[in-house]
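Reading through the structure tokens given below for one structure.
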Amino acid sequence: MKFVDEAKIEVQGGKGGNGAASFRREKFIPKGGPDGGDGGRGGSVYAVADRNINTLVDYRYTRKFFAPNGENGRGADCYGAGGGDIVLRMPVGTLVRDTDTGEVIADLNVHGARQLLAAGGKGGLGNLHFKSSINRAPKQATPGEPGQYRSLELELQVLADVGLLGMPNAGKSTFITAVSNARPKIADYPFTTLHPHLGVVRVGPEQSFVLADVPGLIEGAAEGAGLGHLFLRHLSRTKILLHMIDAAPFNEETDPVQEAKALVLELEKYDPALAAKPRWIVLNKIDLVEEADRDALIERYRSELAANGEPIFVISAATRQGCEELVKALAQRIDDDRREEVAFADDTRFDPAEH
């Protein structure tokens, strides 16, 4: 299935049915009075998060979702039927924005989350509502209200705990294959990853986290060069970024340290909040570096890239050297963060006794 993470759609609630102006007419009851029923409400359009869907491809080709109108009211106190609602199932992690205002209408970050996108119009009132002691034969009825119309932008931000960041051919796909159940394409040329991959990393029977691999970044990505900038939004929900660096590039003239610094600058240009996330340095392909040169290489990365005290891990994704230690450290950090979030939620919970 083609991966689609952006789409534009139009939604509109159904029009409410018109109220009826009718009078009761039966044998031997010449003045039965008003009996016009109300119109039914128009159908509404809802969005629901569904973990069984992982792409917005359905909304790339079907763009208009108009809910049915409500039925008109009729005589004999008959109310019109309401229009049926439309439920749009979207992947967990979908952001829904109003195209005209830019307002975020829905953030579907939990399975089963439900949000109204376009409300149906109210049904009109029949003339039986207007009768009174001085107006016993009202002829007025109100029309149904139009449904709400919206033009929407859908944006999928995959939910992951850890995001992989790096230049093309840094070994990100090999790493996610080595430690998780994801099976992305692996080849010896750049940009083999064309869309994000998610993998579940299991550390123990009840301990796991989600790892995201996005296409590699190149210099100028913030201005649109390469593919990685298209998917940087998928890293915005992650707790930790793994900055993977090729410690043994094929081109001897390539300086991995300068490339790594350039990638950090691209992050800062794209989104300072993303650049401020915890970023761990991972030196990959260490098995291709001579043992005598490893200590000096690691020390250079530590002094030039880990100035803020970020940890540095030395691994070989191909041979899985050092991968277990990295995965355990990630799992421990994520568990600590989750416990802090739970504790914060408990501390800020509303206590009626205090108010």
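Every chain in the structure tokens takes a letter, A first, then B, and so on in the order presented; its residues are numbered from 1, and the ligands are numbered from 1 following the presented order.
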Report the residues of range 75-274 of chain A whose backbone DSSP state falls under helix (DSSP H, G or I), written as a ChimeraX atom specification. /A:127-130,172-179,221-223,228-235,256-270,272-274
Nearest candidate to Gly147 in chain A (options A:Asn135, A:Asn69, A:Thr101, A:Thr177; using only C-alpha atoms):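 Among A:Asn135, A:Asn69, A:Thr101, A:Thr177, it is A:Asn69 that comes nearest to Gly147 in chain A.
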Just how far from CA of Val282 in chain A is CA of Asp246 in chain A, in Å to one decimal?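 Computed distance, CA of Asp246 in chain A to CA of Val282 in chain A, equals 8.7 Å.
Taking CA of Lys8 in chain A and CA of Arg63 in chain A as the two end points, the separation is 6.8 Å.
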Write down as a list in words the residues belonging to range 276-313 of chain A that are assigned strand (DSSP E or B) by DSSP computed on the backbone. Arg279, Trp280, Ile281, Val282, Leu283, Asn284, Ile312 and Phe313 of chain A
What's around Gly126 in chain A at 6 Å? Count only C-alpha atoms, leave out sequence neighbours fewer than 2 positions away in its own chain, and write the answer as a PyMOL selection string. chain A and resi 19-21+36-38+128+141
Closest to Lys277 in chain A among A:Glu252, A:Asp161, A:Glu304, A:Glu290, using only C-alpha atoms?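 The answer is A:Asp161, which sits nearest to Lys277 in chain A.
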Which of these residues is nearest to Gly39 in chain A, using only C-alpha atoms: A:Gly121, A:Phe65, A:Arg89, A:Gly144?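 Closest residue, counting only C-alpha atoms: A:Gly144.
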Considering only C-alpha atoms, can you say which of A:Glu71, A:Glu26, A:Asp335, A:Glu6 comes closest to Lys239 in chain A?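 Looking at the shortest contact to Lys239 in chain A, the residue is A:Asp335.
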Residue with smallest distance to Ile281 in chain A - pool A:Arg302, A:Arg25, A:Arg114, A:His129, counting only C-alpha atoms: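 The answer is A:Arg302, which sits nearest to Ile281 in chain A.
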